[in-house]
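Trainee: I am sharing protein10.tsv, which consists of TSV, C-alpha atoms:
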```
chain	number	residue	atom	x	y	z
K	160	GLU	CA	102.50	151.28	91.57
K	161	VAL	CA	105.03	151.55	94.38
K	162	GLY	CA	103.77	153.78	97.18
K	163	CYS	CA	100.11	154.17	96.28
K	164	GLY	CA	98.91	155.88	99.47
K	165	ASP	CA	95.09	155.72	99.59
K	166	SER	CA	95.19	154.71	95.90
K	167	PHE	CA	92.59	157.23	94.75
K	168	GLN	CA	94.55	158.65	91.82
K	169	ASN	CA	95.60	155.41	90.14
K	170	ARG	CA	92.15	154.78	88.70
K	171	ILE	CA	93.26	157.31	86.06
K	172	VAL	CA	96.07	154.92	85.12
K	173	LYS	CA	93.71	151.94	85.23
K	174	GLN	CA	91.77	153.46	82.34
K	175	SER	CA	94.82	152.89	80.14
K	176	CYS	CA	95.77	149.30	81.00
K	177	LYS	CA	94.28	145.91	81.84
K	178	THR	CA	95.53	145.54	85.42
K	179	VAL	CA	97.12	147.71	88.11
K	180	THR	CA	98.74	146.38	91.27
K	181	ALA	CA	99.28	149.01	93.94
K	182	ILE	CA	101.46	148.56	97.02
K	183	ASP	CA	102.17	150.65	100.10
K	184	ILE	CA	103.95	150.16	103.41
K	185	ASN	CA	101.09	151.74	105.36
K	186	LYS	CA	98.52	149.09	106.37
K	187	GLU	CA	95.86	151.65	107.23
K	188	LEU	CA	96.09	153.30	103.82
K	189	ILE	CA	95.85	149.94	102.05
K	190	PHE	CA	92.83	149.01	104.16
K	191	GLU	CA	91.22	152.34	103.25
K	192	ALA	CA	92.07	151.81	99.57
K	193	ILE	CA	90.38	148.39	99.59
K	194	GLU	CA	87.33	149.77	101.36
K	195	ASN	CA	86.95	152.66	98.90
K	196	LYS	CA	88.07	150.92	95.70
K	197	SER	CA	86.26	151.63	92.48
K	198	LYS	CA	84.09	148.79	91.13
K	199	LYS	CA	84.56	150.12	87.61
K	200	PHE	CA	88.33	150.62	87.81
K	201	LEU	CA	89.50	147.65	89.87
K	202	VAL	CA	93.00	147.80	91.36
K	203	ASN	CA	94.79	145.02	93.24
K	204	HIS	CA	96.03	146.40	96.58
K	205	ILE	CA	98.86	144.85	98.62
K	206	ASN	CA	100.44	145.94	101.88
K	207	HIS	CA	104.19	145.59	101.27
K	208	ASP	CA	107.47	147.26	102.26
K	209	ILE	CA	109.48	147.51	99.04
K	210	LEU	CA	112.69	148.04	101.00
K	211	ALA	CA	112.24	144.57	102.50
K	212	GLY	CA	112.25	142.92	99.08
K	213	PRO	CA	110.45	142.64	95.73
K	214	ILE	CA	106.71	142.16	95.72
K	215	ASN	CA	107.10	138.66	94.28
K	216	LYS	CA	109.95	136.23	93.56
K	217	LYS	CA	108.66	135.71	90.02
K	218	LYS	CA	110.21	137.87	87.34
K	219	ASP	CA	108.65	139.43	84.22
K	220	LEU	CA	105.35	140.18	85.96
K	221	PHE	CA	104.89	143.82	84.96
K	222	ASP	CA	105.15	145.83	81.76
K	223	GLY	CA	105.68	149.00	83.75
K	224	VAL	CA	106.34	150.32	87.25
K	225	PHE	CA	105.60	153.81	88.48
K	226	SER	CA	106.22	155.61	91.72
K	227	LEU	CA	105.16	159.21	92.34
K	228	ASP	CA	106.11	161.29	95.36
K	229	VAL	CA	107.87	158.40	97.09
K	230	LEU	CA	111.61	158.46	96.37
K	231	GLU	CA	112.07	161.79	98.16
K	232	HIS	CA	111.00	160.05	101.36
K	233	ILE	CA	113.57	157.24	100.99
K	234	GLN	CA	116.91	157.63	102.74
K	235	LYS	CA	119.75	158.15	100.28
K	236	ASN	CA	121.64	155.08	101.49
K	237	LYS	CA	118.58	152.93	100.69
K	238	GLU	CA	117.55	154.42	97.33
K	239	LYS	CA	119.36	151.77	95.27
K	240	ILE	CA	117.61	149.03	97.22
K	241	PHE	CA	114.30	150.83	96.60
K	242	ILE	CA	114.90	151.03	92.85
K	243	ASN	CA	116.27	147.50	92.58
K	244	ASN	CA	113.33	145.91	94.40
K	245	SER	CA	110.85	148.03	92.44
K	246	ILE	CA	112.12	146.80	89.07
K	247	TYR	CA	112.89	143.21	90.06
K	248	ASN	CA	109.57	142.01	88.60
K	249	LEU	CA	109.79	144.31	85.58
K	250	LYS	CA	109.95	142.74	82.12
K	251	LYS	CA	113.14	143.19	80.14
K	252	ASN	CA	111.53	145.72	77.79
K	253	GLY	CA	109.44	147.32	80.53
K	254	TYR	CA	109.71	150.86	81.80
K	255	MET	CA	109.71	152.75	85.07
K	256	ILE	CA	108.27	156.21	85.69
K	257	VAL	CA	109.35	158.11	88.79
K	258	GLY	CA	108.21	161.53	89.92
K	259	MET	CA	109.44	163.73	92.75
K	260	PRO	CA	109.69	167.41	93.78
K	261	SER	CA	112.90	169.00	92.56
K	262	LEU	CA	115.60	169.99	95.01
K	263	GLU	CA	115.27	173.57	93.77
K	264	SER	CA	111.58	173.63	94.71
K	265	GLN	CA	112.32	172.98	98.38
K	266	LYS	CA	113.20	176.62	98.84
K	267	TYR	CA	109.48	177.33	98.56
K	268	ALA	CA	108.16	174.18	100.30
K	269	SER	CA	106.33	174.26	103.62
K	270	TYR	CA	108.03	173.19	106.84
K	271	LYS	CA	105.95	169.99	106.96
K	272	SER	CA	106.94	169.06	103.42
K	273	LYS	CA	110.62	169.75	104.01
K	274	LYS	CA	110.60	167.55	107.09
K	275	GLY	CA	109.48	164.52	105.07
K	276	HIS	CA	111.46	165.32	101.92
K	277	ILE	CA	114.82	163.89	102.91
K	278	ASN	CA	116.04	162.91	99.44
K	279	CYS	CA	114.96	165.48	96.86
K	280	LYS	CA	117.22	165.71	93.82
K	281	THR	CA	118.20	167.96	90.98
K	282	GLY	CA	117.27	166.80	87.50
K	283	ASP	CA	120.86	165.76	86.81
K	284	ASP	CA	121.08	163.73	90.01
K	285	LEU	CA	117.75	162.01	89.38
K	286	LYS	CA	118.86	161.01	85.90
K	287	LYS	CA	122.24	159.85	87.21
K	288	ILE	CA	120.86	157.41	89.78
K	289	PHE	CA	118.47	155.80	87.28
K	290	LYS	CA	121.17	155.53	84.61
K	291	ILE	CA	122.75	152.91	86.87
K	292	PHE	CA	119.72	150.66	86.30
K	293	PHE	CA	118.48	151.68	82.82
K	294	HIS	CA	120.14	152.38	79.49
K	295	ASN	CA	117.66	155.15	78.66
K	296	VAL	CA	116.47	157.84	81.07
K	297	ILE	CA	114.38	160.70	79.69
K	298	LEU	CA	113.84	163.61	82.06
K	299	PHE	CA	110.70	165.73	82.06
K	300	SER	CA	110.00	168.89	84.02
K	301	MET	CA	106.67	169.89	85.51
K	302	ASN	CA	105.29	173.22	86.69
K	303	ASP	CA	101.75	173.14	88.04
K	304	GLU	CA	99.88	170.76	85.68
K	305	VAL	CA	102.15	171.37	82.67
K	306	VAL	CA	104.70	168.68	81.76
K	307	HIS	CA	107.52	169.86	79.49
K	308	THR	CA	111.17	169.31	78.56
K	309	GLY	CA	112.32	172.76	79.56
K	310	PHE	CA	115.13	173.85	81.88
K	311	ASN	CA	114.87	171.42	84.79
K	312	LYS	CA	116.48	173.76	87.34
K	313	MET	CA	113.35	175.92	87.06
K	314	ALA	CA	110.99	172.97	87.45
K	315	HIS	CA	108.97	172.42	90.59
K	316	TYR	CA	108.56	168.70	89.85
K	317	LEU	CA	110.66	166.14	87.97
K	318	ILE	CA	109.58	163.00	86.12
K	319	ALA	CA	112.01	160.37	84.85
K	320	LEU	CA	110.94	157.88	82.17
K	321	CYS	CA	113.34	154.92	82.28
K	322	THR	CA	113.56	152.16	79.66
K	323	ASN	CA	115.80	149.25	78.65
K	324	LYS	CA	116.78	147.71	81.98
K	325	LYS	CA	120.46	147.02	82.60
K	326	LEU	CA	122.18	144.04	84.20
K	327	TRP	CA	122.96	146.17	87.26
K	328	PHE	CA	119.79	145.17	89.12
K	329	LEU	CA	120.95	141.55	89.05
K	330	ILE	CA	124.29	142.59	90.53
K	331	MET	CA	122.42	144.54	93.19
K	332	ASN	CA	120.48	141.41	94.11
K	333	ILE	CA	123.77	139.69	94.85
K	334	LEU	CA	125.04	142.62	96.86
K	335	ASN	CA	121.83	142.85	98.89
K	336	LYS	CA	121.77	139.16	99.74
K	337	GLU	CA	125.45	138.85	100.57
K	338	TYR	CA	126.40	142.34	101.63
K	339	SER	CA	127.85	141.24	104.96
K	340	ARG	CA	130.29	138.92	103.16
K	341	LEU	CA	131.66	141.46	100.71
K	342	GLY	CA	135.06	142.95	101.28
K	343	LYS	CA	135.90	146.64	101.45
K	344	SER	CA	137.21	146.70	97.89
K	345	THR	CA	134.02	145.43	96.17
K	346	ASN	CA	131.75	147.58	98.33
K	347	TYR	CA	133.81	150.66	97.52
K	348	VAL	CA	133.71	149.98	93.77
K	349	TRP	CA	129.93	149.40	93.77
K	350	ASN	CA	129.27	152.66	95.61
K	351	ASN	CA	131.74	154.79	93.67
K	352	ASP	CA	132.25	153.26	90.22
K	353	PRO	CA	129.62	150.55	89.48
K	354	LYS	CA	130.62	150.30	85.81
K	355	ARG	CA	134.03	149.11	86.92
K	356	LEU	CA	132.45	146.26	88.87
K	357	GLY	CA	130.51	145.17	85.78
K	358	ILE	CA	133.70	145.14	83.72
K	359	THR	CA	135.54	143.13	86.36
K	360	LEU	CA	132.75	140.55	86.54
K	361	ALA	CA	132.87	140.22	82.75
K	362	ARG	CA	136.58	139.34	82.97
K	363	TYR	CA	135.87	136.60	85.50
K	364	LYS	CA	133.08	135.30	83.28
K	365	PHE	CA	135.62	134.97	80.45
K	366	VAL	CA	137.93	132.99	82.73
K	367	SER	CA	135.06	130.72	83.80
K	368	LYS	CA	134.30	129.87	80.18
K	369	MET	CA	137.95	129.09	79.44
K	370	VAL	CA	138.30	126.73	82.41
K	371	ASP	CA	134.87	125.10	82.21
K	372	LYS	CA	134.75	121.63	83.83
K	373	LYS	CA	138.37	121.75	85.03
K	374	ASP	CA	139.25	120.25	88.38
K	375	HIS	CA	141.73	122.46	90.27
K	376	LEU	CA	142.49	126.15	89.73
K	377	LEU	CA	144.68	128.73	91.44
K	378	GLU	CA	143.94	132.46	91.48
K	379	VAL	CA	146.91	134.72	92.13
K	380	GLY	CA	145.90	138.09	93.59
K	381	CYS	CA	142.30	137.47	94.61
K	382	GLY	CA	141.64	140.72	96.49
K	383	ASP	CA	138.52	140.34	98.64
K	384	SER	CA	137.68	137.24	96.55
K	385	PHE	CA	134.12	138.27	95.69
K	386	GLN	CA	134.36	137.80	91.92
K	387	ASN	CA	135.95	134.34	91.83
K	388	ARG	CA	132.68	132.66	92.78
K	389	ILE	CA	131.85	133.07	89.08
K	390	VAL	CA	134.84	130.86	88.25
K	391	LYS	CA	133.94	128.38	90.99
K	392	GLN	CA	130.71	127.61	89.14
K	393	SER	CA	132.79	126.08	86.33
K	394	CYS	CA	135.18	123.88	88.27
K	395	LYS	CA	135.43	121.54	91.27
```
Written as structure tokens, that's how I'd like the structure from this file.
Mentor:
Amino acid sequence: EVGCGDSFQNRIVKQSCKTVTAIDINKELIFEAIENKSKKFLVNHINHDILAGPINKKKDLFDGVFSLDVLEHIQKNKEKIFINNSIYNLKKNGYMIVGMPSLESQKYASYKSKKGHINCKTGDDLKKIFKIFFHNVILFSMNDEVVHTGFNKMAHYLIALCTNKKLWFLIMNILNKEYSRLGKSTNYVWNNDPKRLGITLARYKFVSKMVDKKDHLLEVGCGDSFQNRIVKQSCK
């Protein structure tokens, strides 16, 4: 669980699986969660800032990741980093569940809630951002305690069930680690048309296979030269 708060509610989830690891950026909340943890429904608590990086460098650790009432508090320019780091340790066939108040609901939200909700989304926008990272995104609506598949613009709360992880999170790892060295062209494509970047990388992968173990190569028209590092892996 990413963003567990005081971790009281996740004992409900623990009833349905063998282990639950819960993380939160707030040290005091994690300390409280450890102090008040259930002996019957044990949860592993870790103080961690997911925006700083994945919880662990090892991959394929978790069958599922969930995050409820967290994404709306993440700045829009950091939401891709949040998602990427959250699913870094997710197994290939794992899933992610994300819940957040709908943008439409903010008309009726309190002043205190609105102040913290800096990134609420419509159902379409929530689905769109997760389609970058997953092949399948199923959107559910929620009003009070009822979860349904009705008209999402009338929903107070939105839940996205995401499955079949894409290659995009690997690309994002590269962009995060070497962002300062990317040129304007590659940054623009990633932010505005990420599919195009994937297609371009595939072309360079084809070239790298054709020139495998060659000594000296010349690229004509390299642009910002980000992609040709794929080719460099195959030659001197």
Trainee: Report as an MDAnalysis selection string all protein, DNA and RNA residues lying within 8 Å of stretch 252-255 of chain K, evaluated on only C-alpha atoms, omitting residues in the same chain fewer than 6 positions from it.
Mentor: chainID K and resid 221:225 246 319:324
Trainee: So the first atom is atom CA of K:Glu187 and the second is atom CA of K:Phe200; what is the distance between them in Å, to one decimal place?
Mentor: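 Result for atom CA of K:Glu187 versus atom CA of K:Phe200: 20.9 Å, one decimal.
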Trainee: Quick one: residues within 7 Å of stretch 385-395 of chain K, all atoms listed in the file counted, chain neighbours fewer than 2 positions away excluded, as a compact mmCIF listing (two decimals) with C-alpha atoms, in the coordinates of the input?
Mentor:
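New file out_22.txt:
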```txt
# COMPACT_ATOMS: atom_id res chain seq x y z
CA LEU K 341 131.66 141.46 100.71
CA LEU K 360 132.75 140.55 86.54
CA TYR K 363 135.87 136.60 85.50
CA LYS K 364 133.08 135.30 83.28
CA VAL K 366 137.93 132.99 82.73
CA SER K 367 135.06 130.72 83.80
CA VAL K 370 138.30 126.73 82.41
CA ASP K 371 134.87 125.10 82.21
CA LYS K 372 134.75 121.63 83.83
CA LYS K 373 138.37 121.75 85.03
CA ASP K 374 139.25 120.25 88.38
CA HIS K 375 141.73 122.46 90.27
CA ASP K 383 138.52 140.34 98.64
```
Trainee: Would you pick out the contacts of K:Ala211 at 9 Å or less, using all atoms listed in the file, so that residues sharing its chain but fewer than 6 positions from it are not included, and give the list as JSON, numbers by chain?
Mentor: {"K": [240, 241, 244]}
Trainee: Would you mind reading off the distance between atom CA of K:Cys381 and atom CA of K:Lys343, one decimal, in Å?
Mentor: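 The value is 13.1 Å.
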Trainee: So which residues fall inside 12 Å of (109.8, 168.7, 102.4) if we count only C-alpha atoms? Mind giving them as a PyMOL selection string?
Mentor: chain K and resi 228-229+231-232+259-280
Trainee: Between K:Ile256, K:Val172, K:Met313, K:Ile205, which has the minimum distance to K:Ile297 (counting all atoms listed in the file)?
Mentor: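 Ranked by minimum distance to K:Ile297, first place goes to K:Ile256.
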Trainee: Pick from K:Asn185, K:Thr180, K:Gln174, K:Gln168: nearest to K:Asp208, with all atoms listed in the file counted?
Mentor: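 Nearest to K:Asp208: K:Asn185.
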Trainee: Rounded to one decimal, what separation in Å do you get between atom CA of K:Lys177 and atom CA of K:Glu194?
Mentor: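 Going from atom CA of K:Lys177 over to atom CA of K:Glu194, I get 21.1 Å.
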Trainee: Limit the output to N, CA, C and O atoms and give stretch 350-385 of chain K as a PDB file, in the first residue's frame.
Mentor:
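What follows is the written file selection_18.pdb:
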```
ATOM      1  N   ASN K 350       6.516  13.903 -22.860  1.00  0.00           N
ATOM      2  CA  ASN K 350       5.433  14.610 -22.177  1.00  0.00           C
ATOM      3  C   ASN K 350       4.190  14.773 -23.023  1.00  0.00           C
ATOM      4  O   ASN K 350       3.090  14.934 -22.496  1.00  0.00           O
ATOM      5  N   ASN K 351       4.338  14.733 -24.360  1.00  0.00           N
ATOM      6  CA  ASN K 351       3.202  15.007 -25.227  1.00  0.00           C
ATOM      7  C   ASN K 351       2.743  13.832 -26.081  1.00  0.00           C
ATOM      8  O   ASN K 351       1.581  13.778 -26.465  1.00  0.00           O
ATOM      9  N   ASP K 352       3.647  12.911 -26.377  1.00  0.00           N
ATOM     10  CA  ASP K 352       3.273  11.772 -27.229  1.00  0.00           C
ATOM     11  C   ASP K 352       4.160  10.572 -26.888  1.00  0.00           C
ATOM     12  O   ASP K 352       5.015  10.169 -27.681  1.00  0.00           O
ATOM     13  N   PRO K 353       3.995   9.981 -25.685  1.00  0.00           N
ATOM     14  CA  PRO K 353       4.898   8.912 -25.241  1.00  0.00           C
ATOM     15  C   PRO K 353       4.922   7.692 -26.156  1.00  0.00           C
ATOM     16  O   PRO K 353       5.935   6.998 -26.237  1.00  0.00           O
ATOM     17  N   LYS K 354       3.828   7.406 -26.854  1.00  0.00           N
ATOM     18  CA  LYS K 354       3.824   6.271 -27.771  1.00  0.00           C
ATOM     19  C   LYS K 354       4.871   6.459 -28.870  1.00  0.00           C
ATOM     20  O   LYS K 354       5.516   5.507 -29.308  1.00  0.00           O
ATOM     21  N   ARG K 355       5.013   7.700 -29.303  1.00  0.00           N
ATOM     22  CA  ARG K 355       5.982   8.000 -30.350  1.00  0.00           C
ATOM     23  C   ARG K 355       7.399   7.676 -29.892  1.00  0.00           C
ATOM     24  O   ARG K 355       8.213   7.159 -30.658  1.00  0.00           O
ATOM     25  N   LEU K 356       7.699   7.953 -28.629  1.00  0.00           N
ATOM     26  CA  LEU K 356       9.024   7.649 -28.101  1.00  0.00           C
ATOM     27  C   LEU K 356       9.276   6.145 -28.109  1.00  0.00           C
ATOM     28  O   LEU K 356      10.362   5.682 -28.461  1.00  0.00           O
ATOM     29  N   GLY K 357       8.252   5.367 -27.738  1.00  0.00           N
ATOM     30  CA  GLY K 357       8.382   3.913 -27.753  1.00  0.00           C
ATOM     31  C   GLY K 357       8.659   3.379 -29.146  1.00  0.00           C
ATOM     32  O   GLY K 357       9.483   2.479 -29.341  1.00  0.00           O
ATOM     33  N   ILE K 358       7.977   3.952 -30.140  1.00  0.00           N
ATOM     34  CA  ILE K 358       8.169   3.532 -31.530  1.00  0.00           C
ATOM     35  C   ILE K 358       9.575   3.870 -31.998  1.00  0.00           C
ATOM     36  O   ILE K 358      10.250   3.072 -32.663  1.00  0.00           O
ATOM     37  N   THR K 359      10.041   5.061 -31.639  1.00  0.00           N
ATOM     38  CA  THR K 359      11.392   5.485 -32.025  1.00  0.00           C
ATOM     39  C   THR K 359      12.450   4.577 -31.413  1.00  0.00           C
ATOM     40  O   THR K 359      13.406   4.156 -32.083  1.00  0.00           O
ATOM     41  N   LEU K 360      12.291   4.238 -30.143  1.00  0.00           N
ATOM     42  CA  LEU K 360      13.243   3.347 -29.482  1.00  0.00           C
ATOM     43  C   LEU K 360      13.262   1.970 -30.143  1.00  0.00           C
ATOM     44  O   LEU K 360      14.316   1.328 -30.239  1.00  0.00           O
ATOM     45  N   ALA K 361      12.102   1.520 -30.601  1.00  0.00           N
ATOM     46  CA  ALA K 361      12.023   0.224 -31.280  1.00  0.00           C
ATOM     47  C   ALA K 361      12.835   0.242 -32.575  1.00  0.00           C
ATOM     48  O   ALA K 361      13.477  -0.749 -32.946  1.00  0.00           O
ATOM     49  N   ARG K 362      12.827   1.374 -33.272  1.00  0.00           N
ATOM     50  CA  ARG K 362      13.602   1.500 -34.510  1.00  0.00           C
ATOM     51  C   ARG K 362      15.103   1.400 -34.225  1.00  0.00           C
ATOM     52  O   ARG K 362      15.851   0.743 -34.959  1.00  0.00           O
ATOM     53  N   TYR K 363      15.523   2.062 -33.156  1.00  0.00           N
ATOM     54  CA  TYR K 363      16.937   2.013 -32.794  1.00  0.00           C
ATOM     55  C   TYR K 363      17.340   0.619 -32.315  1.00  0.00           C
ATOM     56  O   TYR K 363      18.472   0.185 -32.511  1.00  0.00           O
ATOM     57  N   LYS K 364      16.401  -0.092 -31.702  1.00  0.00           N
ATOM     58  CA  LYS K 364      16.677  -1.465 -31.289  1.00  0.00           C
ATOM     59  C   LYS K 364      16.903  -2.347 -32.514  1.00  0.00           C
ATOM     60  O   LYS K 364      17.781  -3.221 -32.516  1.00  0.00           O
ATOM     61  N   PHE K 365      16.122  -2.107 -33.583  1.00  0.00           N
ATOM     62  CA  PHE K 365      16.302  -2.856 -34.827  1.00  0.00           C
ATOM     63  C   PHE K 365      17.694  -2.603 -35.401  1.00  0.00           C
ATOM     64  O   PHE K 365      18.406  -3.528 -35.805  1.00  0.00           O
ATOM     65  N   VAL K 366      18.099  -1.333 -35.400  1.00  0.00           N
ATOM     66  CA  VAL K 366      19.430  -0.988 -35.911  1.00  0.00           C
ATOM     67  C   VAL K 366      20.510  -1.680 -35.084  1.00  0.00           C
ATOM     68  O   VAL K 366      21.470  -2.232 -35.631  1.00  0.00           O
ATOM     69  N   SER K 367      20.343  -1.689 -33.762  1.00  0.00           N
ATOM     70  CA  SER K 367      21.357  -2.296 -32.895  1.00  0.00           C
ATOM     71  C   SER K 367      21.517  -3.784 -33.174  1.00  0.00           C
ATOM     72  O   SER K 367      22.619  -4.325 -33.091  1.00  0.00           O
ATOM     73  N   LYS K 368      20.421  -4.448 -33.526  1.00  0.00           N
ATOM     74  CA  LYS K 368      20.507  -5.877 -33.838  1.00  0.00           C
ATOM     75  C   LYS K 368      21.210  -6.105 -35.173  1.00  0.00           C
ATOM     76  O   LYS K 368      21.952  -7.075 -35.345  1.00  0.00           O
ATOM     77  N   MET K 369      20.984  -5.192 -36.120  1.00  0.00           N
ATOM     78  CA  MET K 369      21.590  -5.345 -37.444  1.00  0.00           C
ATOM     79  C   MET K 369      23.095  -5.086 -37.416  1.00  0.00           C
ATOM     80  O   MET K 369      23.839  -5.617 -38.238  1.00  0.00           O
ATOM     81  N   VAL K 370      23.548  -4.252 -36.490  1.00  0.00           N
ATOM     82  CA  VAL K 370      24.970  -3.889 -36.464  1.00  0.00           C
ATOM     83  C   VAL K 370      25.701  -4.511 -35.279  1.00  0.00           C
ATOM     84  O   VAL K 370      26.772  -4.066 -34.899  1.00  0.00           O
ATOM     85  N   ASP K 371      25.134  -5.538 -34.705  1.00  0.00           N
ATOM     86  CA  ASP K 371      25.703  -6.154 -33.505  1.00  0.00           C
ATOM     87  C   ASP K 371      27.169  -6.553 -33.706  1.00  0.00           C
ATOM     88  O   ASP K 371      27.523  -7.194 -34.697  1.00  0.00           O
ATOM     89  N   LYS K 372      28.013  -6.122 -32.761  1.00  0.00           N
ATOM     90  CA  LYS K 372      29.443  -6.461 -32.722  1.00  0.00           C
ATOM     91  C   LYS K 372      30.267  -5.806 -33.836  1.00  0.00           C
ATOM     92  O   LYS K 372      31.396  -6.234 -34.116  1.00  0.00           O
ATOM     93  N   LYS K 373      29.715  -4.745 -34.460  1.00  0.00           N
ATOM     94  CA  LYS K 373      30.500  -3.993 -35.433  1.00  0.00           C
ATOM     95  C   LYS K 373      31.398  -3.003 -34.691  1.00  0.00           C
ATOM     96  O   LYS K 373      31.185  -2.675 -33.533  1.00  0.00           O
ATOM     97  N   ASP K 374      32.404  -2.500 -35.400  1.00  0.00           N
ATOM     98  CA  ASP K 374      33.369  -1.626 -34.752  1.00  0.00           C
ATOM     99  C   ASP K 374      32.975  -0.149 -34.787  1.00  0.00           C
ATOM    100  O   ASP K 374      32.836   0.494 -33.759  1.00  0.00           O
ATOM    101  N   HIS K 375      32.794   0.415 -35.975  1.00  0.00           N
ATOM    102  CA  HIS K 375      32.622   1.864 -36.107  1.00  0.00           C
ATOM    103  C   HIS K 375      31.352   2.187 -36.891  1.00  0.00           C
ATOM    104  O   HIS K 375      31.170   1.705 -38.020  1.00  0.00           O
ATOM    105  N   LEU K 376      30.517   3.024 -36.336  1.00  0.00           N
ATOM    106  CA  LEU K 376      29.250   3.388 -36.980  1.00  0.00           C
ATOM    107  C   LEU K 376      29.110   4.908 -37.038  1.00  0.00           C
ATOM    108  O   LEU K 376      29.643   5.628 -36.187  1.00  0.00           O
ATOM    109  N   LEU K 377      28.347   5.371 -38.012  1.00  0.00           N
ATOM    110  CA  LEU K 377      28.044   6.791 -38.152  1.00  0.00           C
ATOM    111  C   LEU K 377      26.532   6.973 -38.199  1.00  0.00           C
ATOM    112  O   LEU K 377      25.846   6.314 -38.984  1.00  0.00           O
ATOM    113  N   GLU K 378      26.002   7.836 -37.350  1.00  0.00           N
ATOM    114  CA  GLU K 378      24.584   8.188 -37.421  1.00  0.00           C
ATOM    115  C   GLU K 378      24.453   9.565 -38.049  1.00  0.00           C
ATOM    116  O   GLU K 378      25.053  10.533 -37.582  1.00  0.00           O
ATOM    117  N   VAL K 379      23.621   9.646 -39.077  1.00  0.00           N
ATOM    118  CA  VAL K 379      23.384  10.915 -39.761  1.00  0.00           C
ATOM    119  C   VAL K 379      22.023  11.461 -39.338  1.00  0.00           C
ATOM    120  O   VAL K 379      20.991  10.845 -39.586  1.00  0.00           O
ATOM    121  N   GLY K 380      22.014  12.584 -38.661  1.00  0.00           N
ATOM    122  CA  GLY K 380      20.770  13.176 -38.168  1.00  0.00           C
ATOM    123  C   GLY K 380      20.401  12.617 -36.802  1.00  0.00           C
ATOM    124  O   GLY K 380      19.384  11.938 -36.649  1.00  0.00           O
ATOM    125  N   CYS K 381      21.233  12.901 -35.803  1.00  0.00           N
ATOM    126  CA  CYS K 381      21.061  12.266 -34.495  1.00  0.00           C
ATOM    127  C   CYS K 381      20.075  12.986 -33.576  1.00  0.00           C
ATOM    128  O   CYS K 381      19.691  12.462 -32.537  1.00  0.00           O
ATOM    129  N   GLY K 382      19.686  14.213 -33.924  1.00  0.00           N
ATOM    130  CA  GLY K 382      18.801  14.957 -33.029  1.00  0.00           C
ATOM    131  C   GLY K 382      19.489  15.239 -31.703  1.00  0.00           C
ATOM    132  O   GLY K 382      20.674  15.599 -31.669  1.00  0.00           O
ATOM    133  N   ASP K 383      18.773  15.026 -30.597  1.00  0.00           N
ATOM    134  CA  ASP K 383      19.416  15.248 -29.286  1.00  0.00           C
ATOM    135  C   ASP K 383      20.230  14.038 -28.825  1.00  0.00           C
ATOM    136  O   ASP K 383      20.769  14.009 -27.723  1.00  0.00           O
ATOM    137  N   SER K 384      20.281  13.001 -29.676  1.00  0.00           N
ATOM    138  CA  SER K 384      21.190  11.856 -29.500  1.00  0.00           C
ATOM    139  C   SER K 384      20.859  10.961 -28.306  1.00  0.00           C
ATOM    140  O   SER K 384      21.693  10.178 -27.877  1.00  0.00           O
ATOM    141  N   PHE K 385      19.625  11.038 -27.816  1.00  0.00           N
ATOM    142  CA  PHE K 385      19.252  10.198 -26.676  1.00  0.00           C
ATOM    143  C   PHE K 385      19.149   8.726 -27.072  1.00  0.00           C
ATOM    144  O   PHE K 385      19.656   7.837 -26.398  1.00  0.00           O
TER     145      PHE K 385
END
```
